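The file upload-v4.pdb comes next; it holds PDB, C-alpha atoms, pLDDT in the B column.
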MODEL        1
ATOM      1  CA  ALA A   1      13.180 -11.198   0.737  1.00 77.00           C
ATOM      2  CA  GLN A   2      12.403  -7.547   1.367  1.00 86.00           C
ATOM      3  CA  SER A   3      11.115  -5.659   4.377  1.00 90.00           C
ATOM      4  CA  VAL A   4      10.500  -2.155   5.645  1.00 94.00           C
ATOM      5  CA  THR A   5      10.817  -0.727   9.141  1.00 96.00           C
ATOM      6  CA  GLN A   6       9.231   2.593  10.018  1.00 96.00           C
ATOM      7  CA  LEU A   7      10.545   4.011  13.270  1.00 93.00           C
ATOM      8  CA  GLY A   8       7.802   5.541  15.377  1.00 92.00           C
ATOM      9  CA  SER A   9       4.129   4.728  14.981  1.00 94.00           C
ATOM     10  CA  HIS A  10       3.284   8.349  15.818  1.00 96.00           C
ATOM     11  CA  VAL A  11       5.205  11.556  15.187  1.00 97.00           C
ATOM     12  CA  SER A  12       3.972  14.838  16.609  1.00 97.00           C
ATOM     13  CA  VAL A  13       5.176  18.249  15.377  1.00 97.00           C
ATOM     14  CA  SER A  14       4.091  21.845  15.622  1.00 97.00           C
ATOM     15  CA  GLU A  15       2.843  23.693  12.569  1.00 97.00           C
ATOM     16  CA  GLY A  16       5.859  25.198  10.810  1.00 97.00           C
ATOM     17  CA  ALA A  17       8.334  22.706  12.275  1.00 98.00           C
ATOM     18  CA  LEU A  18      10.471  20.209  10.403  1.00 98.00           C
ATOM     19  CA  VAL A  19       8.861  16.873   9.600  1.00 98.00           C
ATOM     20  CA  LEU A  20      11.081  13.778   9.664  1.00 98.00           C
ATOM     21  CA  LEU A  21       9.608  10.314   9.177  1.00 98.00           C
ATOM     22  CA  ARG A  22      12.072   7.450   9.264  1.00 98.00           C
ATOM     23  CA  CYS A  23      12.184   4.415   7.017  1.00 97.00           C
ATOM     24  CA  ASN A  24      14.771   1.659   6.772  1.00 96.00           C
ATOM     25  CA  TYR A  25      14.548  -1.136   4.269  1.00 94.00           C
ATOM     26  CA  SER A  26      16.019  -4.541   3.626  1.00 90.00           C
ATOM     27  CA  SER A  27      16.412  -5.937   0.130  1.00 84.00           C
ATOM     28  CA  SER A  28      18.787  -8.418  -1.464  1.00 79.00           C
ATOM     29  CA  VAL A  29      18.624  -6.595  -4.807  1.00 79.00           C
ATOM     30  CA  PRO A  30      18.501  -2.900  -5.733  1.00 80.00           C
ATOM     31  CA  PRO A  31      15.039  -1.747  -4.723  1.00 84.00           C
ATOM     32  CA  TYR A  32      12.457   0.762  -5.731  1.00 91.00           C
ATOM     33  CA  LEU A  33      11.320   2.786  -2.721  1.00 93.00           C
ATOM     34  CA  PHE A  34       8.130   4.717  -2.163  1.00 95.00           C
ATOM     35  CA  TRP A  35       6.325   6.925   0.292  1.00 97.00           C
ATOM     36  CA  TYR A  36       2.550   6.929   0.306  1.00 97.00           C
ATOM     37  CA  VAL A  37       0.119   9.108   2.255  1.00 97.00           C
ATOM     38  CA  GLN A  38      -3.308   8.083   3.475  1.00 96.00           C
ATOM     39  CA  TYR A  39      -5.932  10.555   4.614  1.00 94.00           C
ATOM     40  CA  PRO A  40      -8.839   9.325   6.770  1.00 89.00           C
ATOM     41  CA  ASN A  41     -11.214   6.945   4.996  1.00 86.00           C
ATOM     42  CA  GLN A  42      -9.241   7.104   1.776  1.00 89.00           C
ATOM     43  CA  GLY A  43      -6.884   4.928  -0.201  1.00 91.00           C
ATOM     44  CA  LEU A  44      -3.121   5.442  -0.475  1.00 95.00           C
ATOM     45  CA  GLN A  45      -1.680   8.165  -2.673  1.00 95.00           C
ATOM     46  CA  LEU A  46       1.878   8.197  -3.936  1.00 95.00           C
ATOM     47  CA  LEU A  47       3.978  10.996  -2.421  1.00 96.00           C
ATOM     48  CA  LEU A  48       7.285  10.196  -4.107  1.00 95.00           C
ATOM     49  CA  LYS A  49       9.408   7.360  -5.405  1.00 93.00           C
ATOM     50  CA  TYR A  50      13.054   6.381  -5.835  1.00 91.00           C
ATOM     51  CA  THR A  51      13.903   4.370  -8.923  1.00 86.00           C
ATOM     52  CA  SER A  52      17.739   4.496  -9.032  1.00 79.00           C
ATOM     53  CA  ALA A  53      18.068   7.913 -10.612  1.00 76.00           C
ATOM     54  CA  ALA A  54      18.769  10.866  -8.278  1.00 84.00           C
ATOM     55  CA  THR A  55      19.209   9.897  -4.627  1.00 89.00           C
ATOM     56  CA  LEU A  56      17.308  12.981  -3.439  1.00 94.00           C
ATOM     57  CA  VAL A  57      13.730  12.671  -4.562  1.00 95.00           C
ATOM     58  CA  LYS A  58      11.175  15.456  -4.500  1.00 95.00           C
ATOM     59  CA  GLY A  59       7.502  14.708  -4.222  1.00 94.00           C
ATOM     60  CA  ILE A  60       4.183  16.433  -3.920  1.00 94.00           C
ATOM     61  CA  ASN A  61       3.188  18.894  -1.186  1.00 93.00           C
ATOM     62  CA  GLY A  62       6.803  19.908  -0.457  1.00 96.00           C
ATOM     63  CA  PHE A  63       7.978  16.485   0.725  1.00 97.00           C
ATOM     64  CA  GLU A  64      11.304  14.967  -0.211  1.00 97.00           C
ATOM     65  CA  ALA A  65      13.279  11.847   0.647  1.00 97.00           C
ATOM     66  CA  GLU A  66      16.903  10.837   0.334  1.00 95.00           C
ATOM     67  CA  PHE A  67      18.027   7.338  -0.595  1.00 93.00           C
ATOM     68  CA  LYS A  68      21.107   6.335   1.411  1.00 93.00           C
ATOM     69  CA  LYS A  69      22.343   2.929   0.359  1.00 90.00           C
ATOM     70  CA  SER A  70      25.030   2.725   3.054  1.00 91.00           C
ATOM     71  CA  GLU A  71      22.389   3.253   5.744  1.00 93.00           C
ATOM     72  CA  THR A  72      19.612   1.366   3.909  1.00 93.00           C
ATOM     73  CA  SER A  73      17.383   4.331   4.660  1.00 95.00           C
ATOM     74  CA  PHE A  74      14.804   6.401   2.828  1.00 96.00           C
ATOM     75  CA  HIS A  75      13.660   9.032   5.334  1.00 97.00           C
ATOM     76  CA  LEU A  76      10.881  11.456   4.443  1.00 98.00           C
ATOM     77  CA  THR A  77      11.241  15.153   5.272  1.00 98.00           C
ATOM     78  CA  LYS A  78       9.398  18.426   4.888  1.00 98.00           C
ATOM     79  CA  PRO A  79      10.922  21.732   6.044  1.00 97.00           C
ATOM     80  CA  SER A  80       7.714  23.224   7.428  1.00 97.00           C
ATOM     81  CA  ALA A  81       4.680  21.237   8.547  1.00 97.00           C
ATOM     82  CA  HIS A  82       1.174  22.337   7.677  1.00 97.00           C
ATOM     83  CA  MET A  83      -2.017  21.300   9.401  1.00 96.00           C
ATOM     84  CA  SER A  84      -3.120  19.590   6.190  1.00 96.00           C
ATOM     85  CA  ASP A  85      -0.108  17.230   6.412  1.00 97.00           C
ATOM     86  CA  ALA A  86      -1.748  15.340   9.273  1.00 97.00           C
ATOM     87  CA  ALA A  87      -2.228  11.819   7.893  1.00 97.00           C
ATOM     88  CA  GLU A  88      -0.845   8.287   7.913  1.00 97.00           C
ATOM     89  CA  TYR A  89       2.385   7.775   5.974  1.00 98.00           C
ATOM     90  CA  PHE A  90       3.626   4.484   4.620  1.00 97.00           C
ATOM     91  CA  CYS A  91       7.054   3.572   3.326  1.00 97.00           C
ATOM     92  CA  ALA A  92       7.205   0.742   0.794  1.00 95.00           C
ATOM     93  CA  VAL A  93       9.877  -1.274  -0.992  1.00 92.00           C
ATOM     94  CA  SER A  94       9.581  -3.157  -4.252  1.00 88.00           C
ATOM     95  CA  ALA A  95      12.351  -5.256  -5.744  1.00 79.00           C
ATOM     96  CA  ALA A  96      12.623  -7.786  -8.538  1.00 74.00           C
ATOM     97  CA  SER A  97      11.909 -11.342  -7.444  1.00 72.00           C
ATOM     98  CA  GLY A  98      11.351 -14.021 -10.063  1.00 70.00           C
ATOM     99  CA  GLY A  99      10.224 -11.421 -12.567  1.00 69.00           C
ATOM    100  CA  SER A 100       7.719  -9.861 -10.164  1.00 76.00           C
ATOM    101  CA  TYR A 101       7.757  -6.572  -8.282  1.00 82.00           C
ATOM    102  CA  ILE A 102       5.599  -6.939  -5.196  1.00 88.00           C
ATOM    103  CA  PRO A 103       5.320  -3.905  -2.922  1.00 92.00           C
ATOM    104  CA  THR A 104       5.983  -4.512   0.766  1.00 93.00           C
ATOM    105  CA  PHE A 105       4.800  -1.871   3.211  1.00 94.00           C
ATOM    106  CA  GLY A 106       5.911  -0.668   6.607  1.00 94.00           C
ATOM    107  CA  ARG A 107       3.505  -0.421   9.518  1.00 95.00           C
ATOM    108  CA  GLY A 108       2.878   3.246   8.963  1.00 96.00           C
ATOM    109  CA  THR A 109       3.564   6.452  10.874  1.00 97.00           C
ATOM    110  CA  SER A 110       0.764   8.732  11.945  1.00 97.00           C
ATOM    111  CA  LEU A 111       1.791  12.384  11.616  1.00 97.00           C
ATOM    112  CA  ILE A 112       0.092  14.705  14.091  1.00 97.00           C
ATOM    113  CA  VAL A 113       0.423  18.451  13.525  1.00 97.00           C
ATOM    114  CA  HIS A 114      -0.308  20.830  16.395  1.00 96.00           C
ATOM    115  CA  PRO A 115      -1.327  24.468  15.835  1.00 94.00           C
TER     116      PRO A 115
ATOM    117  CA  ASP B   1      -6.567   9.034 -10.592  1.00 56.00           C
ATOM    118  CA  ALA B   2      -6.047   5.452 -11.675  1.00 66.00           C
ATOM    119  CA  GLY B   3      -9.311   3.746 -12.618  1.00 93.00           C
ATOM    120  CA  ILE B   4      -9.775   1.336  -9.742  1.00 96.00           C
ATOM    121  CA  THR B   5     -13.170   0.590  -8.260  1.00 97.00           C
ATOM    122  CA  GLN B   6     -13.762  -1.566  -5.231  1.00 97.00           C
ATOM    123  CA  SER B   7     -17.162  -2.940  -4.338  1.00 96.00           C
ATOM    124  CA  PRO B   8     -18.800  -2.940  -1.957  1.00 97.00           C
ATOM    125  CA  ARG B   9     -17.279  -0.050  -0.016  1.00 96.00           C
ATOM    126  CA  HIS B  10     -18.773  -1.222   3.251  1.00 97.00           C
ATOM    127  CA  LYS B  11     -20.105  -4.590   4.325  1.00 97.00           C
ATOM    128  CA  VAL B  12     -21.273  -6.175   7.541  1.00 98.00           C
ATOM    129  CA  THR B  13     -21.561  -9.935   7.526  1.00 97.00           C
ATOM    130  CA  GLU B  14     -22.044 -12.750   9.994  1.00 97.00           C
ATOM    131  CA  THR B  15     -19.429 -15.249  11.091  1.00 97.00           C
ATOM    132  CA  GLY B  16     -19.389 -18.320   8.874  1.00 97.00           C
ATOM    133  CA  THR B  17     -20.885 -16.698   5.782  1.00 97.00           C
ATOM    134  CA  PRO B  18     -19.035 -16.416   2.468  1.00 96.00           C
ATOM    135  CA  VAL B  19     -18.059 -12.944   1.275  1.00 97.00           C
ATOM    136  CA  THR B  20     -16.698 -11.774  -2.068  1.00 98.00           C
ATOM    137  CA  LEU B  21     -15.040  -8.423  -2.637  1.00 98.00           C
ATOM    138  CA  ARG B  22     -14.540  -7.117  -6.134  1.00 98.00           C
ATOM    139  CA  CYS B  23     -11.809  -4.981  -7.643  1.00 98.00           C
ATOM    140  CA  HIS B  24     -12.275  -3.574 -11.122  1.00 98.00           C
ATOM    141  CA  GLN B  25      -9.622  -1.658 -13.090  1.00 97.00           C
ATOM    142  CA  THR B  26      -9.750   0.243 -16.344  1.00 96.00           C
ATOM    143  CA  GLU B  27      -5.960   0.687 -16.725  1.00 94.00           C
ATOM    144  CA  ASN B  28      -5.166  -2.710 -18.287  1.00 93.00           C
ATOM    145  CA  HIS B  29      -2.412  -3.200 -15.680  1.00 93.00           C
ATOM    146  CA  ARG B  30      -0.930  -6.655 -15.435  1.00 93.00           C
ATOM    147  CA  TYR B  31      -0.546  -6.904 -11.653  1.00 94.00           C
ATOM    148  CA  MET B  32      -3.383  -6.734  -9.148  1.00 96.00           C
ATOM    149  CA  TYR B  33      -3.096  -7.084  -5.392  1.00 96.00           C
ATOM    150  CA  TRP B  34      -5.274  -7.499  -2.340  1.00 98.00           C
ATOM    151  CA  TYR B  35      -4.000  -6.055   0.941  1.00 97.00           C
ATOM    152  CA  ARG B  36      -5.594  -5.810   4.338  1.00 98.00           C
ATOM    153  CA  GLN B  37      -4.971  -2.869   6.637  1.00 97.00           C
ATOM    154  CA  ASP B  38      -5.108  -3.261  10.395  1.00 95.00           C
ATOM    155  CA  PRO B  39      -3.966  -0.864  13.131  1.00 89.00           C
ATOM    156  CA  GLY B  40      -0.353  -1.491  14.050  1.00 87.00           C
ATOM    157  CA  HIS B  41       0.221  -3.812  11.108  1.00 91.00           C
ATOM    158  CA  GLY B  42       0.200  -1.473   8.141  1.00 92.00           C
ATOM    159  CA  LEU B  43      -0.739  -3.133   4.860  1.00 95.00           C
ATOM    160  CA  ARG B  44      -0.235  -6.860   4.520  1.00 96.00           C
ATOM    161  CA  LEU B  45      -0.433  -8.693   1.230  1.00 95.00           C
ATOM    162  CA  ILE B  46      -3.139 -11.352   0.988  1.00 97.00           C
ATOM    163  CA  HIS B  47      -2.892 -12.514  -2.635  1.00 97.00           C
ATOM    164  CA  TYR B  48      -1.745 -11.066  -5.904  1.00 95.00           C
ATOM    165  CA  SER B  49      -2.190 -11.751  -9.593  1.00 95.00           C
ATOM    166  CA  TYR B  50       0.318 -11.349 -12.397  1.00 92.00           C
ATOM    167  CA  GLY B  51      -2.092 -12.130 -15.227  1.00 92.00           C
ATOM    168  CA  VAL B  52      -5.394 -13.763 -16.092  1.00 95.00           C
ATOM    169  CA  LYS B  53      -5.706 -16.986 -14.082  1.00 92.00           C
ATOM    170  CA  ASP B  54      -2.203 -16.408 -12.616  1.00 93.00           C
ATOM    171  CA  THR B  55      -2.279 -15.801  -8.888  1.00 95.00           C
ATOM    172  CA  ASP B  56      -0.041 -16.354  -5.898  1.00 93.00           C
ATOM    173  CA  LYS B  57      -0.226 -16.181  -2.117  1.00 94.00           C
ATOM    174  CA  GLY B  58       0.933 -13.312   0.000  1.00 93.00           C
ATOM    175  CA  GLU B  59       1.888 -12.994   3.636  1.00 92.00           C
ATOM    176  CA  VAL B  60      -1.597 -13.522   5.129  1.00 96.00           C
ATOM    177  CA  SER B  61      -3.432 -15.762   2.653  1.00 96.00           C
ATOM    178  CA  ASP B  62      -5.019 -18.265   5.058  1.00 96.00           C
ATOM    179  CA  GLY B  63      -8.815 -18.105   4.870  1.00 96.00           C
ATOM    180  CA  TYR B  64      -8.819 -16.219   1.567  1.00 98.00           C
ATOM    181  CA  SER B  65      -9.025 -17.231  -2.073  1.00 97.00           C
ATOM    182  CA  VAL B  66      -8.860 -15.150  -5.249  1.00 98.00           C
ATOM    183  CA  SER B  67      -9.789 -15.400  -8.879  1.00 97.00           C
ATOM    184  CA  ARG B  68      -8.950 -13.431 -11.984  1.00 97.00           C
ATOM    185  CA  SER B  69     -10.857 -14.511 -15.069  1.00 96.00           C
ATOM    186  CA  LYS B  70     -10.444 -11.164 -16.858  1.00 96.00           C
ATOM    187  CA  THR B  71      -7.644  -8.619 -16.891  1.00 96.00           C
ATOM    188  CA  GLU B  72      -9.865  -5.989 -15.332  1.00 97.00           C
ATOM    189  CA  ASP B  73     -11.385  -7.955 -12.434  1.00 98.00           C
ATOM    190  CA  PHE B  74      -9.789  -9.463  -9.331  1.00 98.00           C
ATOM    191  CA  LEU B  75     -12.068 -11.088  -6.767  1.00 98.00           C
ATOM    192  CA  LEU B  76     -11.253 -11.801  -3.139  1.00 98.00           C
ATOM    193  CA  THR B  77     -13.359 -14.440  -1.389  1.00 98.00           C
ATOM    194  CA  LEU B  78     -13.617 -15.227   2.272  1.00 97.00           C
ATOM    195  CA  GLU B  79     -15.011 -18.743   2.195  1.00 93.00           C
ATOM    196  CA  SER B  80     -16.257 -18.629   5.787  1.00 96.00           C
ATOM    197  CA  ALA B  81     -15.803 -15.249   7.387  1.00 97.00           C
ATOM    198  CA  THR B  82     -14.338 -14.983  10.889  1.00 97.00           C
ATOM    199  CA  SER B  83     -14.111 -12.021  13.259  1.00 97.00           C
ATOM    200  CA  SER B  84     -10.338 -11.899  12.706  1.00 97.00           C
ATOM    201  CA  GLN B  85     -11.056 -10.967   9.095  1.00 98.00           C
ATOM    202  CA  THR B  86     -12.702  -7.709  10.154  1.00 98.00           C
ATOM    203  CA  SER B  87     -10.471  -5.205   8.410  1.00 98.00           C
ATOM    204  CA  VAL B  88     -10.147  -2.656   5.647  1.00 97.00           C
ATOM    205  CA  TYR B  89      -9.288  -4.306   2.346  1.00 98.00           C
ATOM    206  CA  PHE B  90      -7.427  -2.486  -0.415  1.00 97.00           C
ATOM    207  CA  CYS B  91      -6.988  -3.448  -3.995  1.00 97.00           C
ATOM    208  CA  ALA B  92      -3.958  -2.150  -5.883  1.00 96.00           C
ATOM    209  CA  ILE B  93      -2.685  -2.385  -9.439  1.00 95.00           C
ATOM    210  CA  SER B  94       0.673  -1.957 -11.124  1.00 93.00           C
ATOM    211  CA  ASP B  95       2.478  -2.632 -14.352  1.00 88.00           C
ATOM    212  CA  PRO B  96       6.311  -2.643 -14.307  1.00 80.00           C
ATOM    213  CA  THR B  97       6.409  -2.015 -18.060  1.00 81.00           C
ATOM    214  CA  VAL B  98       4.608   1.292 -17.535  1.00 77.00           C
ATOM    215  CA  ASN B  99       5.718   2.567 -14.120  1.00 77.00           C
ATOM    216  CA  THR B 100       7.121   1.330 -10.832  1.00 82.00           C
ATOM    217  CA  GLU B 101       4.457   2.283  -8.320  1.00 90.00           C
ATOM    218  CA  ALA B 102       1.190   0.689  -7.274  1.00 93.00           C
ATOM    219  CA  PHE B 103      -2.123   2.528  -7.453  1.00 94.00           C
ATOM    220  CA  PHE B 104      -4.771   1.938  -4.840  1.00 95.00           C
ATOM    221  CA  GLY B 105      -8.531   1.730  -4.697  1.00 95.00           C
ATOM    222  CA  GLN B 106     -10.574   3.466  -2.021  1.00 95.00           C
ATOM    223  CA  GLY B 107     -10.881   0.390   0.169  1.00 96.00           C
ATOM    224  CA  THR B 108     -13.643  -1.867   1.471  1.00 97.00           C
ATOM    225  CA  ARG B 109     -14.461  -1.821   5.162  1.00 97.00           C
ATOM    226  CA  LEU B 110     -15.565  -5.310   6.184  1.00 98.00           C
ATOM    227  CA  THR B 111     -17.031  -6.082   9.579  1.00 98.00           C
ATOM    228  CA  VAL B 112     -17.637  -9.686  10.614  1.00 98.00           C
ATOM    229  CA  VAL B 113     -20.036  -9.994  13.564  1.00 96.00           C
TER     230      VAL B 113
ENDMDL
END
Would you mind writing the file's structure down as structure tokens?
Amino acid sequence: AQSVTQLGSHVSVSEGALVLLRCNYSSSVPPYLFWYVQYPNQGLQLLLKYTSAATLVKGINGFEAEFKKSETSFHLTKPSAHMSDAAEYFCAVSAASGGSYIPTFGRGTSLIVHP
Amino acid sequence: DAGITQSPRHKVTETGTPVTLRCHQTENHRYMYWYRQDPGHGLRLIHYSYGVKDTDKGEVSDGYSVSRSKTEDFLLTLESATSSQTSVYFCAISDPTVNTEAFFGQGTRLTVV
């Protein structure tokens, strides 16, 4: 079984401040991990993914995430927030189970960026 | 963008009526999924398919059925819609032989009155 916990349903930052969105996962086998972003009235877009190569993963729009196996975490960061980063962010885990890879999503974190 | 089309994009229906949502892909991906998105719950898996005529239940499958008669089409049916099924429904596709991530459609907003 696999699961994802996103800490904080809302995160509020000022423009130019560090963004940190937290994600912890549970998986009985080595997982693939993902961050997706959702803008209002749109589908989910992939921000970045971890697939067992480098533990520090860089994605689009200046975001990055670090896979820490010992902490079962995959937190998303961005050094300097921009107004356009305001959106819903979802962490997801996918691991092999009976030959299938079924993505499981966290509950999402809404990022609010203040001027 | 991955070629995924959901139809309709918006629908209002009455309690007790049947509803079918369609997902169409042009990527020839093996896996197709239906998720529902509700505030505070994130995305929850309803059903998924791992090939033509091969489907399985997800976390919140009660009240829903699916069919996949062609690689490119995955249908989600609400046999008798209830107000608790008011939600935004997303279709996604993936193929582990090609890449690891899922690609999403634009969503269908369903309101059951």
To verify the selection step, state as a VMD selection string which residues the PyMOL selection byres ((chain B and resi 2-14) around 9) yields on this input. chain B and resid 1 15 to 19 21 to 27 81 to 83 90 to 93 103 to 113
Report the distance between CA of Ser61 in chain B and CA of Pro39 in chain B in Å, rounded to one decimal place. 18.2 Å
Sorted per-residue table, chain A near chain B, closest atoms and distance, 9 Å, all atoms listed in the file, as CSV:
residue,atom,partner,partner_atom,distance
A:Ser9,CA,B:Gly40,CA,7.7
A:Tyr32,CA,B:Thr100,CA,7.4
A:Leu33,CA,B:Glu101,CA,8.9
A:Phe34,CA,B:Glu101,CA,7.6
A:Asn41,CA,B:Gln106,CA,7.9
A:Gln42,CA,B:Gln106,CA,5.4
A:Gly43,CA,B:Gln106,CA,4.4
A:Leu44,CA,B:Phe104,CA,5.8
A:Gln45,CA,B:Phe104,CA,7.3
A:Leu46,CA,B:Phe103,CA,7.8
A:Lys49,CA,B:Glu101,CA,7.7
A:Thr51,CA,B:Thr100,CA,7.7
A:Phe90,CA,B:Gly42,CA,7.7
A:Ser94,CA,B:Thr100,CA,8.3
A:Ser100,CA,B:Tyr50,CA,7.9
A:Tyr101,CA,B:Pro96,CA,7.3
A:Ile102,CA,B:Tyr48,CA,8.5
A:Pro103,CA,B:Ala102,CA,7.6
A:Thr104,CA,B:Arg44,CA,7.6
A:Phe105,CA,B:Leu43,CA,5.9
A:Gly106,CA,B:Gly42,CA,6.0
A:Arg107,CA,B:Gly42,CA,3.7
A:Gly108,CA,B:Gly42,CA,5.5
Once the PyMOL selection byres ((chain A and resi 84) around 10) is applied to the coordinates I shared, what remains selected? I want it as an MDAnalysis selection string. chainID A and resid 15 39 61 81:83 85:87 112:113
Using only C-alpha atoms, which protein or nucleic acid residues come within 7 Å of Leu47 in chain A? Drop anything in the same chain fewer than 2 positions from it, and give the result as a CSV table (one decimal) with C-alpha atoms, in the frame of the given file.
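Ended up saving to around-v3.csv:
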chain,number,residue,atom,x,y,z
A,35,TRP,CA,6.3,6.9,0.3
A,36,TYR,CA,2.6,6.9,0.3
A,37,VAL,CA,0.1,9.1,2.3
A,45,GLN,CA,-1.7,8.2,-2.7
A,59,GLY,CA,7.5,14.7,-4.2
A,60,ILE,CA,4.2,16.4,-3.9
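When CA of Ser27 in chain A is paired with CA of Ala92 in chain A, their separation reads 11.4 Å.
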Hey, can you check how far CA of Arg68 in chain B sits from CA of Asp54 in chain B?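 It comes out at 7.4 Å.
The smallest atom-to-atom distance between His75 in chain A and any of A:Gln2, A:Asn24, A:Gln38, A:Ser97, using only C-alpha atoms, is found for A:Asn24.
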Determine the residue membership of the PyMOL selection byres ((chain B and resi 66) around 6) for the file above and supply it as a list in words.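 Evaluating the PyMOL selection byres ((chain B and resi 66) around 6) on these coordinates yields Ser65, Ser67, Leu75, Leu76 and Thr77 of chain B.
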What's around Thr109 in chain A at 8 Å? Count only C-alpha atoms, leave out sequence neighbours fewer than 4 positions away in its own chain, and write the answer as a compact mmCIF listing (two decimals) with C-alpha atoms, keeping the file's coordinate frame.
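out.txt, written as the output of this step:
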# COMPACT_ATOMS: atom_id res chain seq x y z
CA GLN A 6 9.23 2.59 10.02
CA LEU A 7 10.54 4.01 13.27
CA GLY A 8 7.80 5.54 15.38
CA SER A 9 4.13 4.73 14.98
CA HIS A 10 3.28 8.35 15.82
CA VAL A 11 5.20 11.56 15.19
CA LEU A 21 9.61 10.31 9.18
CA GLU A 88 -0.84 8.29 7.91
CA TYR A 89 2.38 7.78 5.97
CA PHE A 90 3.63 4.48 4.62
Just write range 86-103 of chain A with N, CA and C atoms, as an mmCIF file, in the first residue's frame, taken from the block above.
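This is the output file decode-v1.cif:
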data_model
loop_
_atom_site.group_PDB
_atom_site.id
_atom_site.type_symbol
_atom_site.label_atom_id
_atom_site.label_comp_id
_atom_site.auth_asym_id
_atom_site.auth_seq_id
_atom_site.Cartn_x
_atom_site.Cartn_y
_atom_site.Cartn_z
ATOM 1 N N ALA A 86 1.009 31.184 -7.435
ATOM 2 C CA ALA A 86 -0.204 30.908 -6.680
ATOM 3 C C ALA A 86 -1.037 29.850 -7.405
ATOM 4 N N ALA A 87 -1.249 28.716 -6.745
ATOM 5 C CA ALA A 87 -1.926 27.577 -7.364
ATOM 6 C C ALA A 87 -2.098 26.496 -6.315
ATOM 7 N N GLU A 88 -2.684 25.382 -6.731
ATOM 8 C CA GLU A 88 -2.798 24.196 -5.880
ATOM 9 C C GLU A 88 -1.685 23.234 -6.277
ATOM 10 N N TYR A 89 -1.021 22.660 -5.286
ATOM 11 C CA TYR A 89 0.096 21.753 -5.541
ATOM 12 C C TYR A 89 -0.207 20.386 -4.931
ATOM 13 N N PHE A 90 0.049 19.367 -5.722
ATOM 14 C CA PHE A 90 -0.221 18.006 -5.292
ATOM 15 C C PHE A 90 1.049 17.167 -5.355
ATOM 16 N N CYS A 91 1.297 16.439 -4.277
ATOM 17 C CA CYS A 91 2.356 15.454 -4.244
ATOM 18 C C CYS A 91 1.730 14.092 -4.556
ATOM 19 N N ALA A 92 2.459 13.251 -5.284
ATOM 20 C CA ALA A 92 1.924 11.946 -5.643
ATOM 21 C C ALA A 92 3.017 10.890 -5.556
ATOM 22 N N VAL A 93 2.617 9.670 -5.253
ATOM 23 C CA VAL A 93 3.532 8.539 -5.196
ATOM 24 C C VAL A 93 3.008 7.445 -6.111
ATOM 25 N N SER A 94 3.915 6.748 -6.746
ATOM 26 C CA SER A 94 3.556 5.642 -7.618
ATOM 27 C C SER A 94 4.600 4.555 -7.433
ATOM 28 N N ALA A 95 4.147 3.356 -7.096
ATOM 29 C CA ALA A 95 5.079 2.263 -6.862
ATOM 30 C C ALA A 95 4.524 0.996 -7.474
ATOM 31 N N ALA A 96 5.415 0.080 -7.811
ATOM 32 C CA ALA A 96 4.999 -1.159 -8.464
ATOM 33 C C ALA A 96 4.153 -2.001 -7.517
ATOM 34 N N SER A 97 3.028 -2.463 -8.048
ATOM 35 C CA SER A 97 2.129 -3.327 -7.278
ATOM 36 C C SER A 97 1.449 -4.274 -8.260
ATOM 37 N N GLY A 98 1.878 -5.526 -8.262
ATOM 38 C CA GLY A 98 1.281 -6.496 -9.171
ATOM 39 C C GLY A 98 1.452 -6.132 -10.628
ATOM 40 N N GLY A 99 2.548 -5.479 -10.954
ATOM 41 C CA GLY A 99 2.803 -5.084 -12.333
ATOM 42 C C GLY A 99 2.218 -3.747 -12.709
ATOM 43 N N SER A 100 1.458 -3.127 -11.815
ATOM 44 C CA SER A 100 0.837 -1.835 -12.099
ATOM 45 C C SER A 100 1.539 -0.717 -11.345
ATOM 46 N N TYR A 101 1.454 0.477 -11.891
ATOM 47 C CA TYR A 101 1.908 1.691 -11.210
ATOM 48 C C TYR A 101 0.713 2.624 -11.153
ATOM 49 N N ILE A 102 0.102 2.730 -10.000
ATOM 50 C CA ILE A 102 -1.098 3.543 -9.852
ATOM 51 C C ILE A 102 -0.769 4.760 -8.998
ATOM 52 N N PRO A 103 -0.883 5.951 -9.555
ATOM 53 C CA PRO A 103 -0.554 7.148 -8.772
ATOM 54 C C PRO A 103 -1.548 7.391 -7.641
#
